[in-house]
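A.B. asks: Quick one: the structure is below, and I'll ask about it shortly.
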Amino acid sequence: MPPPSFLTLRFLRTALTHSHACPFNPRHTSVTVSRHQWNGTPQQQKTRYSSGVGGAGGKVDREIGEVVKDDKEPEHEQEVEAVRESQREETSDQAAQRAALPSVHRKFLGKSQPFVDYKRVRITAGKGGDGAITFFRSARNPFGPPSGGNGARGGSCYIVASKDITSLNGVQNRYAAHDGGNGFGKQMHGADGQDVEVVVPVGTLVKFVDPPVTAAGAAGGAAENDEEMEFEDEEEEASYHQMQLISKHYKFKSGYTPQPDRIAMLLERLPYEPASSSSTTGTQIDLTKHGQRLLVARGGRGGAGNPHFQSAEIRGPAIAGRGQPGTTTWVELELKTIADAGLVGLPNAGKSTFLAAVSNAHPKCAPYPFTTLNPYVGTIDFPDFWTMTLADIPGLVAGAHVNVGLGHRFLRHVERNRVLVYVLDVAKPEPWEDLATLRNELEKYKKGLTDKPSLIVANKADAGPAAQEHFEELKKRANGIPVVPVSALKKKNITKATGMLREIVEKLRREEPAEEVD
């Protein structure tokens, strides 16, 4: 039996809506069915009509959206369940197909974002808007006074330090602020360009550098120098250069040619051009406080509307100012981790294990060198709610001061720590030689770096009698630096280590206000 036609469905809906008896079931009295409830495949529609599922005494099933029989007619229940089962099977098949599709979120599941501590960024401020050349017109005054609005300033670019982020991975390579809006008639000024903020972690060093020189740029500059225009006399050459200079800062109404007196007036009113970004090359600014804001590219000034050029001699000026371009700056962002104390040691000495044992950080710990490739900062919470931060610096090797084993990338994070914590493996022979190597690399990287308050953590002190002998010898060769034995893996004696570290940090914090006053 073929499926019912559209007219049959329409007749059935009209009959059910107006409470007439359904021709398929004389016991039916009143059921209202909307067009959205007559859905499903043609085979399911055929099943409904042949079995009388959409007949009398039924109710609307919310799960599959069709009319089903009441409990008074059990002969149709099996057919309804079959329809429901087919609906569920289709739904499960669709879910299986969706699960088989590739997912971007599944691709990066369980993978953390990379740590970035260096960026070179090009920052461009917005251009100022141009002034408008308009005149007030009315029925009584068809040649009214000038009424052009001023152009708005371009957006500026700022670098803002934030304590909420710890990496430069979110910083883009290029930033550009919005341009200012042009002026309008009736002395309506343009809208200011929106500023742009580059958010960086606290402890970022901003260096202003020269823009990179490309081969295409050098070739273009040489071609421009080779092009020389030919003039009949010096007066024509001077007039040409004057018009080039004026056209750079002013615009004119279509078909307007300024006269010599106008040119002289405009030359006297040339706007001030700020110094180029090359004057700031080499400047370094350290962002060490949360919310610290640094202006790196200022937006261009907007041009003046034609009312600003009105005078006793010029009643209807067809001249307006052009918006000045925004400055373009190249900066290098170098992140240096700031913490109360930093863990310094050779690879595989147990620095990450010690950090995980005493703080809330969860760095990767494994029994092979260079497990840690970027700094981790953890917070140590004491029972009296006193807190301090501890940074895990990647392992240093001999020759790190000349960038052996990414030495410069790791050593820059040691500079900002108030206290140096040397983590040594006393289970290996002659751990005091490791201490000498670390101090030598720090001193060669930056003179005076080893003068900071220090503490030696003798890790793996429970490794046996040999470790105990090495610990005793290390105390004799520590040059007055306090030494505390611990077992970071088994969390033994770590309370004493954190207590000694707290005493040093508290003393430094008490001395900080006195230094600021001086």
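FYI, nothing fancy with the structure tokens labels: chains A, B, ... in order, residues from 1 per chain, ligands from 1 as they appear.
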Where does DSSP see strand (DSSP E or B) in stretch 106-215 of chain A, if you list the residues as a ChimeraX atom specification?

C.D. replies: /A:118-124,135,146,157-162,174-176,184,188,196-201,204-209

A.B. asks: Selected residues, N, CA and C atoms, written as a JSON list (two decimals), in the first residue's frame, please.

C.D. replies:
[["chain", "number", "residue", "atom", "x", "y", "z"],
["A", 118, "TYR", "N", 60.49, 34.10, 25.06],
["A", 118, "TYR", "CA", 61.11, 35.11, 24.19],
["A", 118, "TYR", "C", 60.20, 35.33, 22.99],
["A", 119, "LYS", "N", 60.00, 36.60, 22.65],
["A", 119, "LYS", "CA", 59.18, 36.98, 21.50],
["A", 119, "LYS", "C", 59.75, 38.25, 20.88],
["A", 120, "ARG", "N", 59.67, 38.32, 19.55],
["A", 120, "ARG", "CA", 59.99, 39.54, 18.82],
["A", 120, "ARG", "C", 58.70, 40.00, 18.15],
["A", 121, "VAL", "N", 58.25, 41.21, 18.47],
["A", 121, "VAL", "CA", 56.91, 41.66, 18.09],
["A", 121, "VAL", "C", 57.01, 42.98, 17.34],
["A", 122, "ARG", "N", 56.18, 43.09, 16.30],
["A", 122, "ARG", "CA", 56.03, 44.36, 15.56],
["A", 122, "ARG", "C", 54.72, 45.00, 15.98],
["A", 123, "ILE", "N", 54.80, 46.23, 16.48],
["A", 123, "ILE", "CA", 53.63, 46.92, 17.02],
["A", 123, "ILE", "C", 53.44, 48.22, 16.24],
["A", 124, "THR", "N", 52.24, 48.40, 15.69],
["A", 124, "THR", "CA", 51.93, 49.57, 14.88],
["A", 124, "THR", "C", 50.72, 50.28, 15.46],
["A", 135, "PHE", "N", 30.78, 72.59, 4.00],
["A", 135, "PHE", "CA", 30.25, 73.93, 4.26],
["A", 135, "PHE", "C", 28.79, 73.81, 4.66],
["A", 146, "PRO", "N", 32.40, 77.41, 6.61],
["A", 146, "PRO", "CA", 32.94, 76.04, 6.68],
["A", 146, "PRO", "C", 32.47, 75.32, 7.94],
["A", 157, "CYS", "N", 49.21, 51.67, 21.35],
["A", 157, "CYS", "CA", 49.51, 50.30, 21.76],
["A", 157, "CYS", "C", 50.26, 50.33, 23.09],
["A", 158, "TYR", "N", 49.82, 49.51, 24.02],
["A", 158, "TYR", "CA", 50.42, 49.42, 25.34],
["A", 158, "TYR", "C", 50.83, 47.98, 25.63],
["A", 159, "ILE", "N", 51.84, 47.84, 26.46],
["A", 159, "ILE", "CA", 52.23, 46.54, 27.01],
["A", 159, "ILE", "C", 51.89, 46.56, 28.49],
["A", 160, "VAL", "N", 51.09, 45.60, 28.93],
["A", 160, "VAL", "CA", 50.60, 45.56, 30.31],
["A", 160, "VAL", "C", 51.09, 44.28, 30.97],
["A", 161, "ALA", "N", 51.63, 44.40, 32.17],
["A", 161, "ALA", "CA", 52.10, 43.25, 32.93],
["A", 161, "ALA", "C", 50.95, 42.68, 33.77],
["A", 162, "SER", "N", 50.85, 41.36, 33.78],
["A", 162, "SER", "CA", 49.79, 40.69, 34.52],
["A", 162, "SER", "C", 50.37, 39.49, 35.26],
["A", 174, "ARG", "N", 52.51, 40.20, 15.62],
["A", 174, "ARG", "CA", 52.18, 41.52, 15.10],
["A", 174, "ARG", "C", 50.92, 42.05, 15.79],
["A", 175, "TYR", "N", 50.96, 43.35, 16.07],
["A", 175, "TYR", "CA", 49.80, 44.03, 16.64],
["A", 175, "TYR", "C", 49.61, 45.35, 15.88],
["A", 176, "ALA", "N", 48.37, 45.72, 15.67],
["A", 176, "ALA", "CA", 48.05, 46.98, 14.99],
["A", 176, "ALA", "C", 46.79, 47.56, 15.63],
["A", 184, "PHE", "N", 33.28, 64.73, 9.87],
["A", 184, "PHE", "CA", 32.05, 64.81, 9.08],
["A", 184, "PHE", "C", 31.59, 66.26, 8.99],
["A", 188, "MET", "N", 31.02, 67.69, 13.04],
["A", 188, "MET", "CA", 31.02, 66.43, 13.77],
["A", 188, "MET", "C", 32.40, 65.78, 13.63],
["A", 196, "VAL", "N", 45.15, 49.17, 21.85],
["A", 196, "VAL", "CA", 45.47, 47.75, 21.89],
["A", 196, "VAL", "C", 46.41, 47.51, 23.07],
["A", 197, "GLU", "N", 46.12, 46.47, 23.85],
["A", 197, "GLU", "CA", 46.95, 46.09, 24.98],
["A", 197, "GLU", "C", 47.57, 44.72, 24.74],
["A", 198, "VAL", "N", 48.87, 44.64, 24.91],
["A", 198, "VAL", "CA", 49.60, 43.38, 24.81],
["A", 198, "VAL", "C", 49.88, 42.92, 26.24],
["A", 199, "VAL", "N", 49.24, 41.87, 26.67],
["A", 199, "VAL", "CA", 49.35, 41.39, 28.05],
["A", 199, "VAL", "C", 50.51, 40.41, 28.14],
["A", 200, "VAL", "N", 51.44, 40.69, 29.05],
["A", 200, "VAL", "CA", 52.62, 39.85, 29.24],
["A", 200, "VAL", "C", 52.73, 39.49, 30.72],
["A", 201, "PRO", "N", 53.47, 38.46, 31.06],
["A", 201, "PRO", "CA", 53.63, 38.11, 32.48],
["A", 201, "PRO", "C", 54.49, 39.13, 33.23],
["A", 204, "THR", "N", 58.63, 40.54, 32.69],
["A", 204, "THR", "CA", 59.02, 40.62, 31.28],
["A", 204, "THR", "C", 59.90, 41.85, 31.06],
["A", 205, "LEU", "N", 61.00, 41.65, 30.36],
["A", 205, "LEU", "CA", 61.91, 42.73, 29.99],
["A", 205, "LEU", "C", 61.61, 43.14, 28.56],
["A", 206, "VAL", "N", 61.28, 44.43, 28.35],
["A", 206, "VAL", "CA", 60.93, 44.97, 27.04],
["A", 206, "VAL", "C", 62.14, 45.69, 26.47],
["A", 207, "LYS", "N", 62.59, 45.26, 25.30],
["A", 207, "LYS", "CA", 63.73, 45.87, 24.62],
["A", 207, "LYS", "C", 63.26, 46.44, 23.29],
["A", 208, "PHE", "N", 63.56, 47.72, 23.05],
["A", 208, "PHE", "CA", 63.26, 48.36, 21.77],
["A", 208, "PHE", "C", 64.43, 48.11, 20.82],
["A", 209, "VAL", "N", 64.13, 47.51, 19.67],
["A", 209, "VAL", "CA", 65.17, 47.11, 18.72],
["A", 209, "VAL", "C", 64.88, 47.70, 17.35]]

A.B. asks: If you count only C-alpha atoms, which residues fall within 9 Å of A:Ala152, apart from same-chain ones fewer than 3 positions away, as an MDAnalysis selection string?

C.D. replies: chainID A and resid 128:131 179:183 189:193 300:303 323

A.B. asks: Would you pick out the contacts of A:Trp432 at 8 Å or less, using only C-alpha atoms, so that residues sharing its chain but fewer than 4 positions from it are not included, and give the list as a ChimeraX atom specification?

C.D. replies: /A:436,474,477-478

A.B. asks: Deliver the residues from the most recent selection as a file, using N, CA and C atoms, as a PDB file, in the first residue's frame.

C.D. replies:
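Produced file again.pdb, reproduced below:
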ATOM      1  N   ALA A 436      80.587  23.669  43.033  1.00  0.00           N
ATOM      2  CA  ALA A 436      81.557  24.584  42.428  1.00  0.00           C
ATOM      3  C   ALA A 436      81.219  24.881  40.968  1.00  0.00           C
ATOM      4  N   LEU A 474      80.456  17.587  52.379  1.00  0.00           N
ATOM      5  CA  LEU A 474      79.877  18.760  51.722  1.00  0.00           C
ATOM      6  C   LEU A 474      79.712  19.912  52.700  1.00  0.00           C
ATOM      7  N   ARG A 477      82.856  21.907  52.902  1.00  0.00           N
ATOM      8  CA  ARG A 477      83.268  22.651  51.707  1.00  0.00           C
ATOM      9  C   ARG A 477      82.160  23.571  51.196  1.00  0.00           C
ATOM     10  N   ALA A 478      81.187  23.865  52.022  1.00  0.00           N
ATOM     11  CA  ALA A 478      80.051  24.686  51.586  1.00  0.00           C
ATOM     12  C   ALA A 478      80.324  26.180  51.662  1.00  0.00           C
TER      13      ALA A 478
END

A.B. asks: Between A:Gly345, A:Gly185, A:Gly203, A:Gly448, which is the closest to A:His413 once you count only C-alpha atoms?

C.D. replies: A:Gly203

A.B. asks: Can you list every residue in stretch 198-346 of chain A that DSSP puts in helix (DSSP H, G or I), as a VMD selection string?

C.D. replies: chain A and resid 215 to 226 234 to 249 260 to 268 277 to 280 306 to 309

A.B. asks: If we count only C-alpha atoms and set the cut-off at 8 Å, which residues sit around stretch 487-501 of chain A, ignoring sequence neighbours fewer than 6 positions away in its own chain? Please answer as a VMD selection string.

C.D. replies: chain A and resid 350 353 to 354 357 to 358 455 457 459 to 462

A.B. asks: Residues at most 12 Å from stretch 440-446 of chain A, counting only C-alpha atoms, excluding those fewer than 6 positions away in the same chain, as an MDAnalysis selection string?

C.D. replies: chainID A and resid 344:346 395:404 407:415 420 422 433:434 452

A.B. asks: For atom CA of A:Leu266 and atom CA of A:Leu245, quote the distance in Å rounded to one decimal.

C.D. replies: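 Going from atom CA of A:Leu266 over to atom CA of A:Leu245, I get 9.9 Å.
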
A.B. asks: Can you tell me how far atom CA of A:Phe115 sits from atom CA of A:Thr372, in Å to one decimal?

C.D. replies: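 That distance, rounded to one decimal, is 11.2 Å.
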
A.B. asks: Smallest atom-to-atom distance to A:Val202: which of A:Met265, A:Ala339, A:Ala391, A:Leu355, using only C-alpha atoms?

C.D. replies: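 Closest to A:Val202, using only C-alpha atoms: A:Ala339.
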
A.B. asks: Measuring between only C-alpha atoms, which one of A:Val296, A:Ala463, A:Val377, A:Ala304 shows the shortest distance to A:Ala125?

C.D. replies: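 Between A:Val296, A:Ala463, A:Val377, A:Ala304, the residue approaching A:Ala125 most closely is A:Val296.
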
A.B. asks: Looking at only C-alpha atoms, which of A:Ala467, A:Val505, A:Val423, A:Val331 is the one that sits closest to A:Thr281?

C.D. replies: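 Comparing A:Ala467, A:Val505, A:Val423, A:Val331 against A:Thr281, the winner is A:Val331.
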